[in-house]
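Just start-v8.txt here, compact mmCIF, C-alpha atoms:
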# COMPACT_ATOMS: atom_id res chain seq x y z
CA MET J 194 0.00 0.00 0.00
CA PRO J 195 1.11 3.57 -0.63
CA GLY J 196 3.76 5.47 1.28
CA PHE J 197 3.21 9.15 1.99
CA TYR J 198 6.16 11.02 3.47
CA ASP J 199 6.88 9.31 6.79
CA THR J 200 4.01 6.82 6.68
CA ASP J 201 2.94 3.67 4.88
CA LEU J 202 -0.82 3.68 4.91
CA PRO J 203 -2.69 0.42 5.41
CA GLY J 204 -5.23 1.27 2.71
CA PRO J 205 -5.81 3.62 -0.22
CA LEU J 206 -8.92 5.46 0.97
CA MET J 207 -8.87 8.91 2.55
CA LEU J 208 -12.23 10.06 3.85
CA GLY J 209 -13.54 13.48 4.80
CA THR J 210 -15.36 14.12 8.07
CA ALA J 211 -17.84 16.82 6.93
CA GLN J 212 -21.57 16.77 6.19
CA TYR J 213 -22.53 13.48 7.91
CA PRO J 214 -26.06 13.28 9.36
CA SER J 215 -24.64 12.58 12.83
CA PRO J 216 -21.36 11.85 14.65
CA ALA J 217 -22.45 8.22 15.08
CA ILE J 218 -22.93 7.81 11.33
CA LEU J 219 -19.54 9.43 10.69
CA GLN J 220 -17.94 6.90 13.03
CA ALA J 221 -19.78 3.94 11.47
CA ALA J 222 -18.90 5.14 7.96
CA PHE J 223 -15.20 5.22 8.81
CA GLU J 224 -15.35 1.71 10.22
CA ALA J 225 -17.22 0.40 7.17
CA SER J 226 -14.91 2.12 4.67
CA GLY J 227 -11.58 0.95 6.00
CA ALA J 228 -10.27 4.48 5.41
CA SER J 229 -6.82 5.10 6.82
CA VAL J 230 -6.88 8.90 6.75
CA ALA J 231 -9.44 11.44 7.98
CA THR J 232 -9.42 14.99 6.66
CA VAL J 233 -10.33 17.70 9.15
CA SER J 234 -10.36 21.50 9.30
CA LEU J 235 -10.14 24.43 11.68
CA ARG J 236 -12.97 26.83 12.36
CA ARG J 237 -13.86 29.37 15.02
CA GLU J 238 -14.52 27.68 18.34
CA GLY J 239 -18.06 28.11 19.59
CA ALA J 240 -19.16 28.86 23.13
CA GLY J 241 -20.01 25.22 23.82
CA GLY J 242 -16.61 23.90 22.79
CA ALA J 243 -17.99 21.90 19.86
CA GLY J 244 -14.52 21.49 18.44
CA GLN J 245 -13.30 19.55 21.45
CA SER J 246 -16.00 16.86 21.24
CA PHE J 247 -15.34 16.53 17.51
CA TRP J 248 -11.63 16.10 18.22
CA SER J 249 -12.40 13.32 20.71
CA LEU J 250 -14.47 11.56 18.08
CA VAL J 251 -11.71 11.82 15.46
CA ARG J 252 -9.10 10.42 17.84
CA GLU J 253 -11.34 7.42 18.50
CA LEU J 254 -11.37 6.65 14.76
CA GLY J 255 -7.77 5.51 15.09
CA VAL J 256 -6.77 6.88 11.68
CA ARG J 257 -4.16 9.35 10.50
CA VAL J 258 -5.39 12.97 10.52
CA LEU J 259 -4.90 15.24 7.51
CA PRO J 260 -5.89 18.85 8.29
CA ASN J 261 -6.87 21.06 5.37
CA THR J 262 -6.72 24.74 4.51
CA ALA J 263 -10.18 24.66 2.93
CA GLY J 264 -11.64 28.05 2.08
CA CYS J 265 -8.29 29.83 1.90
CA HIS J 266 -7.83 32.11 -1.11
CA THR J 267 -4.38 33.60 -0.54
CA VAL J 268 -0.88 32.36 0.22
CA LYS J 269 -0.80 34.17 3.55
CA GLU J 270 -4.18 32.85 4.65
CA ALA J 271 -3.25 29.27 3.74
CA VAL J 272 0.16 29.45 5.41
CA THR J 273 -1.29 30.91 8.63
CA THR J 274 -4.04 28.29 8.68
CA ALA J 275 -1.46 25.53 8.17
CA HIS J 276 0.54 26.75 11.15
CA MET J 277 -2.57 26.81 13.32
CA ALA J 278 -3.52 23.32 12.14
CA ARG J 279 -0.06 21.94 12.90
CA GLU J 280 -0.34 23.09 16.47
CA VAL J 281 -3.91 21.92 17.06
CA PHE J 282 -3.65 18.54 15.34
CA ASP J 283 0.00 17.92 16.24
CA THR J 284 0.93 16.83 12.73
CA ALA J 285 3.14 18.20 9.97
CA TRP J 286 0.74 16.85 7.35
CA ILE J 287 -1.32 19.53 5.60
CA LYS J 288 -3.79 19.23 2.75
CA LEU J 289 -3.00 22.50 1.04
CA GLU J 290 -5.94 24.15 -0.68
CA VAL J 291 -5.69 27.63 -2.15
CA ILE J 292 -8.92 28.31 -3.97
CA GLY J 293 -8.84 30.48 -7.07
CA HIS J 294 -12.36 30.31 -8.45
CA ASN J 295 -15.50 30.47 -6.35
CA ASP J 296 -17.86 28.45 -8.56
CA SER J 297 -15.56 25.59 -9.53
CA LEU J 298 -13.36 25.78 -6.41
CA GLN J 299 -10.49 25.35 -8.84
CA PRO J 300 -7.14 25.77 -7.09
CA ASP J 301 -5.10 28.92 -7.71
CA VAL J 302 -2.07 26.93 -8.78
CA PHE J 303 0.28 29.92 -8.74
CA ALA J 304 -0.52 30.70 -5.12
CA LEU J 305 -0.53 26.96 -4.37
CA VAL J 306 3.08 26.55 -5.53
CA GLU J 307 4.20 29.56 -3.49
CA ALA J 308 2.40 28.38 -0.35
CA ALA J 309 3.78 24.85 -0.84
CA ARG J 310 7.33 26.23 -1.03
CA ILE J 311 6.94 28.27 2.15
CA LEU J 312 5.38 25.41 4.09
CA SER J 313 7.82 22.75 2.85
CA GLU J 314 10.75 24.91 3.90
CA ASP J 315 9.14 25.16 7.31
CA GLY J 316 8.98 21.39 7.76
CA PHE J 317 5.42 20.73 6.65
CA MET J 318 4.56 17.59 4.67
CA VAL J 319 2.37 19.15 2.02
CA PHE J 320 -0.46 17.35 0.20
CA PRO J 321 -1.33 19.90 -2.50
CA TYR J 322 -4.84 19.96 -3.96
CA THR J 323 -3.98 20.72 -7.57
CA THR J 324 -5.15 20.25 -11.14
CA GLU J 325 -3.95 17.66 -13.64
CA ASP J 326 -1.48 20.17 -15.15
CA LEU J 327 1.92 18.49 -15.53
CA ILE J 328 3.97 21.66 -15.26
CA VAL J 329 2.23 22.68 -12.06
CA GLY J 330 2.97 19.19 -10.77
CA GLU J 331 6.66 19.67 -11.56
CA ARG J 332 6.69 23.03 -9.79
CA LEU J 333 5.02 21.56 -6.72
CA LEU J 334 7.63 18.81 -6.53
CA ALA J 335 10.39 21.39 -6.95
CA ALA J 336 8.78 23.37 -4.12
CA GLY J 337 9.23 20.40 -1.81
CA CYS J 338 6.01 18.39 -2.17
CA GLN J 339 6.43 14.61 -2.21
CA VAL J 340 2.77 13.92 -2.99
CA LEU J 341 0.42 15.36 -5.63
CA MET J 342 -3.37 15.43 -5.33
CA PRO J 343 -5.01 16.31 -8.64
CA TRP J 344 -8.77 16.84 -8.70
CA GLY J 345 -10.99 14.26 -10.36
CA ALA J 346 -13.69 16.90 -10.84
CA PRO J 347 -14.78 19.98 -8.88
CA ILE J 348 -15.24 19.46 -5.14
CA GLY J 349 -18.67 18.05 -4.30
CA SER J 350 -19.69 17.64 -7.95
CA GLY J 351 -19.74 13.83 -7.94
CA ARG J 352 -18.89 13.77 -11.63
CA GLY J 353 -16.07 11.25 -11.48
CA LEU J 354 -12.85 11.68 -13.44
CA ALA J 355 -13.49 14.60 -15.79
CA ASN J 356 -10.22 14.20 -17.67
CA PRO J 357 -8.97 10.61 -17.50
CA TYR J 358 -6.60 11.19 -20.41
CA ALA J 359 -4.71 13.89 -18.51
CA LEU J 360 -4.81 11.91 -15.27
CA ARG J 361 -3.29 8.92 -17.07
CA ALA J 362 -0.57 11.20 -18.45
CA MET J 363 0.08 12.51 -14.95
CA ARG J 364 0.47 8.96 -13.63
CA ALA J 365 2.97 8.20 -16.41
CA GLU J 366 4.90 11.44 -15.92
CA PHE J 367 5.24 11.12 -12.15
CA ALA J 368 5.75 7.37 -11.98
CA ASP J 369 7.51 7.42 -8.60
CA VAL J 370 5.44 10.10 -6.89
CA PRO J 371 2.49 9.13 -4.68
CA LEU J 372 -0.61 10.44 -6.43
CA VAL J 373 -4.06 10.90 -4.90
CA ILE J 374 -7.29 11.70 -6.72
CA ASP J 375 -8.87 14.37 -4.54
CA ALA J 376 -12.45 15.54 -5.10
CA GLY J 377 -15.15 14.92 -7.66
CA ILE J 378 -15.83 11.28 -6.81
CA GLY J 379 -19.54 10.41 -6.81
CA LEU J 380 -19.68 6.64 -7.20
CA PRO J 381 -17.62 3.60 -6.28
CA SER J 382 -16.97 3.11 -10.00
CA HIS J 383 -15.29 6.53 -10.08
CA ALA J 384 -13.03 5.55 -7.18
CA ALA J 385 -12.23 2.23 -8.83
CA HIS J 386 -11.45 4.09 -12.08
CA ALA J 387 -8.89 6.25 -10.29
CA MET J 388 -7.20 3.22 -8.80
CA GLU J 389 -7.28 1.34 -12.12
CA LEU J 390 -5.27 4.22 -13.60
CA GLY J 391 -2.58 3.46 -11.06
CA TYR J 392 -3.31 6.19 -8.53
CA ASP J 393 -2.14 5.44 -5.02
CA ALA J 394 -5.18 6.66 -3.12
CA VAL J 395 -8.53 8.40 -3.42
CA LEU J 396 -9.77 11.21 -1.18
CA LEU J 397 -13.52 11.75 -1.03
CA ASN J 398 -16.16 13.10 1.33
CA THR J 399 -19.48 14.25 -0.11
CA ALA J 400 -20.22 11.03 -2.03
CA VAL J 401 -20.31 9.14 1.27
CA ALA J 402 -21.57 11.78 3.71
CA ARG J 403 -24.52 12.86 1.54
CA ALA J 404 -25.49 9.39 0.30
CA GLY J 405 -28.89 8.01 1.29
CA ASP J 406 -27.08 5.47 3.45
CA PRO J 407 -23.61 6.87 4.21
CA VAL J 408 -22.39 3.73 5.95
CA ALA J 409 -23.34 1.46 3.05
CA MET J 410 -21.76 3.88 0.57
CA ALA J 411 -18.61 4.06 2.68
CA ARG J 412 -18.36 0.27 2.57
CA ALA J 413 -18.87 0.31 -1.22
CA MET J 414 -16.14 2.95 -1.65
CA GLY J 415 -13.75 0.90 0.46
CA GLN J 416 -14.41 -2.16 -1.69
CA ALA J 417 -14.04 -0.12 -4.90
CA VAL J 418 -10.57 1.22 -4.14
CA ILE J 419 -9.36 -2.25 -3.20
CA ALA J 420 -10.81 -3.72 -6.42
CA GLY J 421 -9.39 -0.91 -8.56
CA HIS J 422 -5.93 -1.28 -7.06
CA ALA J 423 -6.00 -5.06 -7.54
CA ALA J 424 -7.03 -4.58 -11.17
CA TYR J 425 -4.18 -2.15 -11.79
CA ALA J 426 -1.70 -4.55 -10.21
CA ALA J 427 -3.11 -7.44 -12.25
CA GLY J 428 -2.52 -5.66 -15.58
CA ALA J 429 -5.53 -4.88 -17.75
CA ILE J 430 -5.96 -5.91 -21.39
CA GLU J 431 -5.71 -3.28 -24.13
CA PRO J 432 -9.08 -2.20 -25.55
CA ARG J 433 -9.78 -3.28 -29.16
CA ASP J 434 -12.03 -1.78 -31.80
CA MET J 435 -13.25 -5.14 -33.17
CA ALA J 436 -14.52 -8.31 -31.52
CA GLU J 437 -12.26 -11.25 -30.86
CA PRO J 438 -13.98 -14.54 -29.98
CA SER J 439 -13.13 -15.79 -26.55
CA THR J 440 -14.43 -19.32 -27.19
CA PRO J 441 -12.03 -21.41 -29.36
CA VAL J 442 -13.01 -21.49 -33.04
CA ILE J 443 -11.00 -24.63 -33.82
CA GLY J 444 -12.99 -27.80 -33.17
CA LYS J 445 -16.38 -26.28 -33.69
CA ALA J 446 -18.83 -28.83 -35.16
CA PHE J 447 -19.99 -28.32 -38.72
CA LEU J 448 -23.72 -27.84 -38.30
CA ARG J 449 -26.23 -26.06 -40.45
CA MET G 37 -10.66 47.06 26.55
CA THR G 38 -12.67 46.05 23.52
CA ILE G 39 -11.34 43.44 21.12
CA ILE G 40 -12.87 41.58 18.19
CA LEU G 41 -13.06 37.92 19.25
CA ASN G 42 -13.95 35.48 16.48
CA GLY G 43 -15.58 38.30 14.56
CA ALA G 44 -17.64 39.79 17.42
CA PRO G 45 -16.85 42.87 19.56
CA CYS G 46 -16.07 41.86 23.12
CA ASP G 47 -15.21 43.76 26.33
CA VAL G 48 -12.46 41.92 28.21
CA ALA G 49 -10.37 42.41 31.33
CA ALA G 50 -7.52 40.18 30.17
CA ARG G 51 -4.31 41.91 29.14
CA ASP G 52 -2.63 39.02 27.38
CA LEU G 53 -3.77 36.26 25.04
CA SER G 54 -3.40 33.44 27.54
CA ALA G 55 -5.51 35.29 30.11
CA LEU G 56 -8.09 36.02 27.44
CA LEU G 57 -8.57 32.30 26.72
CA THR G 58 -9.04 31.64 30.43
CA GLU G 59 -11.43 34.55 30.84
CA ARG G 60 -13.59 33.46 27.91
CA GLY G 61 -13.62 29.79 28.90
CA PHE G 62 -11.65 28.32 26.02
CA THR G 63 -10.20 24.98 27.01
CA GLY G 64 -8.75 22.04 25.13
CA ARG G 65 -7.15 22.24 21.72
CA VAL G 66 -7.36 25.67 20.15
CA ALA G 67 -5.06 27.69 17.94
CA THR G 68 -4.83 31.45 18.11
CA ALA G 69 -4.11 34.35 15.79
CA VAL G 70 -4.03 38.06 16.55
CA ASN G 71 -4.48 40.56 13.75
CA GLU G 72 -4.07 37.71 11.25
CA VAL G 73 -0.74 36.54 12.68
CA PHE G 74 -0.45 33.05 14.21
CA ILE G 75 0.47 33.15 17.90
CA PRO G 76 1.78 29.75 19.10
CA ALA G 77 0.50 28.42 22.41
CA ALA G 78 3.90 28.94 24.04
CA ALA G 79 3.83 32.66 23.17
CA ARG G 80 0.30 33.47 24.36
CA ALA G 81 1.22 34.58 27.87
CA GLU G 82 3.75 37.09 26.54
CA HIS G 83 1.43 38.39 23.85
CA VAL G 84 -0.03 41.64 25.18
CA LEU G 85 -3.40 42.59 23.75
CA SER G 86 -4.34 46.05 22.59
CA ASP G 87 -7.68 47.76 22.17
CA GLY G 88 -9.21 46.81 18.83
CA ASP G 89 -7.12 43.66 18.32
CA ARG G 90 -8.75 41.03 16.14
CA VAL G 91 -8.35 37.67 17.87
CA GLU G 92 -9.19 34.36 16.24
CA VAL G 93 -9.58 31.20 18.34
CA LEU G 94 -9.90 28.14 16.15
CA ALA G 95 -10.67 24.54 17.04
CA PRO G 96 -10.91 21.19 15.25
CA MET G 97 -13.85 20.98 12.91
CA GLN G 98 -15.25 18.66 10.26
CA GLY G 99 -13.53 18.98 6.91
CA GLY G 100 -13.19 17.40 3.51

Transcribe the structure of this file into structure tokens.
Amino acid sequence: MPGFYDTDLPGPLMLGTAQYPSPAILQAAFEASGASVATVSLRREGAGGAGQSFWSLVRELGVRVLPNTAGCHTVKEAVTTAHMAREVFDTAWIKLEVIGHNDSLQPDVFALVEAARILSEDGFMVFPYTTEDLIVGERLLAAGCQVLMPWGAPIGSGRGLANPYALRAMRAEFADVPLVIDAGIGLPSHAAHAMELGYDAVLLNTAVARAGDPVAMARAMGQAVIAGHAAYAAGAIEPRDMAEPSTPVIGKAFLR
Amino acid sequence: MTIILNGAPCDVAARDLSALLTERGFTGRVATAVNEVFIPAAARAEHVLSDGDRVEVLAPMQGG
């Protein structure tokens, strides 16, 4: 299973913690999914200390925590948020998001590279939420990232892999770099598709949390990433334009 | 002294950031920023607050 910075993860699914109907369903979904990473965020603490009970719940999940900089639009905002997350969650891991477009939540890749450089130099282990652009990927690696997380489709859209051609090219270009499809997954088949392309992990949230039965969907996603990874490892056949009989032709009886 | 705490105006007696957290009942894991600059936990007691400071107190929250 994939290695990310200092850690070999036991499985290829990373699951978000937002939008579940209840804390109990969140907990059950994690158990059913087999996810090895939970993404979390930082927000203003309320009067009742809601953040502390959530933190207790996350610790009980027994998975690695990956804090994000969701909602940040500038380098400074993302870097400050990352520092605050490192202290609260006691981890150098950071899912770096610098949003550039409000409707598509497309990353501002220029600000992303700059923030990644600053944070890497400061000892962070940066998981950059990026696009499938190869040159941006190169710049992120040069900035110190040892993982790339291209989007499958816009966050929360559930559209699956919008550009599988480019994602396949990215896998080929960065053969030795851990790659994670982050965002856009709607169905287990989408998650399996990502893994069949040779990606090392899939990060998703909405597809599970907003499903009619989040726990059942979490289980299905967990099965899909395992199946997709096994298929990639097994080596798929090349598609053909024309049919090729699978049953032997030789020895067929002459019957009219 | 009036500060802006998590976006809301707030009259406080505390003179430093650590005392502010105690005064306002923040316990457990929180991270702090004053005027958009991160203040590590170890530096809170030495960080003197001024009238009009914008203080952010953040805690773990659900995220994707």

Which one is closest to Ala81 in chain G: G:Ala50, G:Arg60, G:Gly99, G:Arg65? Count only C-alpha atoms.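 Of all the options, G:Ala50 lies closest to Ala81 in chain G.
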
For a quick test of understanding: name the residues of chain G lying within 6 Å of chain J when counting only C-alpha atoms, and present them as a VMD selection string. chain G and resid 65 to 67 93 to 100

Distance of CA of Leu298 in chain J from CA of Cys338 in chain J, expressed in Å to one decimal place: 21.2 Å

When you look at range 424-440 of chain J with a cut-off of 12 Å (counting all atoms listed in the file), what residues show up, excluding the ones that are within fewer than 3 positions of it in the same chain? I need them as a PyMOL selection string. chain J and resi 194+385-393+417-421+443-445

Would you save the residues from that selection as a short mmCIF file (atom, residue, chain, number, x, y, z; two decimals), keeping the file's coordinate frame, using C-alpha atoms?
data_model
loop_
_atom_site.label_atom_id
_atom_site.label_comp_id
_atom_site.auth_asym_id
_atom_site.auth_seq_id
_atom_site.Cartn_x
_atom_site.Cartn_y
_atom_site.Cartn_z
CA MET J 194 0.00 0.00 0.00
CA ALA J 385 -12.23 2.23 -8.83
CA HIS J 386 -11.45 4.09 -12.08
CA ALA J 387 -8.89 6.25 -10.29
CA MET J 388 -7.20 3.22 -8.80
CA GLU J 389 -7.28 1.34 -12.12
CA LEU J 390 -5.27 4.22 -13.60
CA GLY J 391 -2.58 3.46 -11.06
CA TYR J 392 -3.31 6.19 -8.53
CA ASP J 393 -2.14 5.44 -5.02
CA ALA J 417 -14.04 -0.12 -4.90
CA VAL J 418 -10.57 1.22 -4.14
CA ILE J 419 -9.36 -2.25 -3.20
CA ALA J 420 -10.81 -3.72 -6.42
CA GLY J 421 -9.39 -0.91 -8.56
CA ILE J 443 -11.00 -24.63 -33.82
CA GLY J 444 -12.99 -27.80 -33.17
CA LYS J 445 -16.38 -26.28 -33.69
#

I need the residue nearest Arg364 in chain J from this list: J:Leu250, J:Ala217, J:Ala228, J:Leu327. Use only C-alpha atoms for the distance.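 Nearest to Arg364 in chain J: J:Leu327.
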
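Pairwise distance (CA of Pro347 in chain J, CA of Gly330 in chain J) equals 17.9 Å.
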
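Taking all atoms listed in the file into account, Ala44 in chain G lies nearest to G:Asp89 out of the set G:Ile75, G:Asp89, G:Gly64, G:Ala69.
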
In the coordinate frame of the file, compute which residues have an atom within 7 Å of (-6.2, 2.5, 7.3) when using all atoms listed in the file, and state them as a compact mmCIF listing (two decimals) with C-alpha atoms, in the coordinates of the input.
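Final output, point.txt:
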# COMPACT_ATOMS: atom_id res chain seq x y z
CA LEU J 202 -0.82 3.68 4.91
CA PRO J 203 -2.69 0.42 5.41
CA GLY J 204 -5.23 1.27 2.71
CA GLY J 227 -11.58 0.95 6.00
CA ALA J 228 -10.27 4.48 5.41
CA SER J 229 -6.82 5.10 6.82
CA VAL J 230 -6.88 8.90 6.75
CA VAL J 256 -6.77 6.88 11.68

For CA of Arg51 in chain G and CA of Leu85 in chain G, quote the distance in Å rounded to one decimal.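 According to the coordinates, CA of Arg51 in chain G and CA of Leu85 in chain G are separated by 5.5 Å.
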
For the point (4.3, 10.9, -14.0) in file coordinates, what residues are within 12 Å, counting only C-alpha atoms? Give the answer as number ranges by chain? J: 325-328, 330-331, 334, 340-341, 359-372, 390-392

Would you list the contacts of Asp87 in chain G as a list of chain:residue names, taking every protein, DNA or RNA residue within 10 Å and counting all atoms listed in the file, but skipping same-chain residues closer than 6 positions in sequence?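 Within the cut-off, the hits are G:Met37, G:Thr38, G:Ile39, G:Ile40, G:Asp47, G:Val48, G:Arg51.
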
Pick out the closest residue to Arg80 in chain G from this set: G:Ala49, G:Phe62, G:Gly43, G:Ala55. Count only C-alpha atoms. G:Ala55
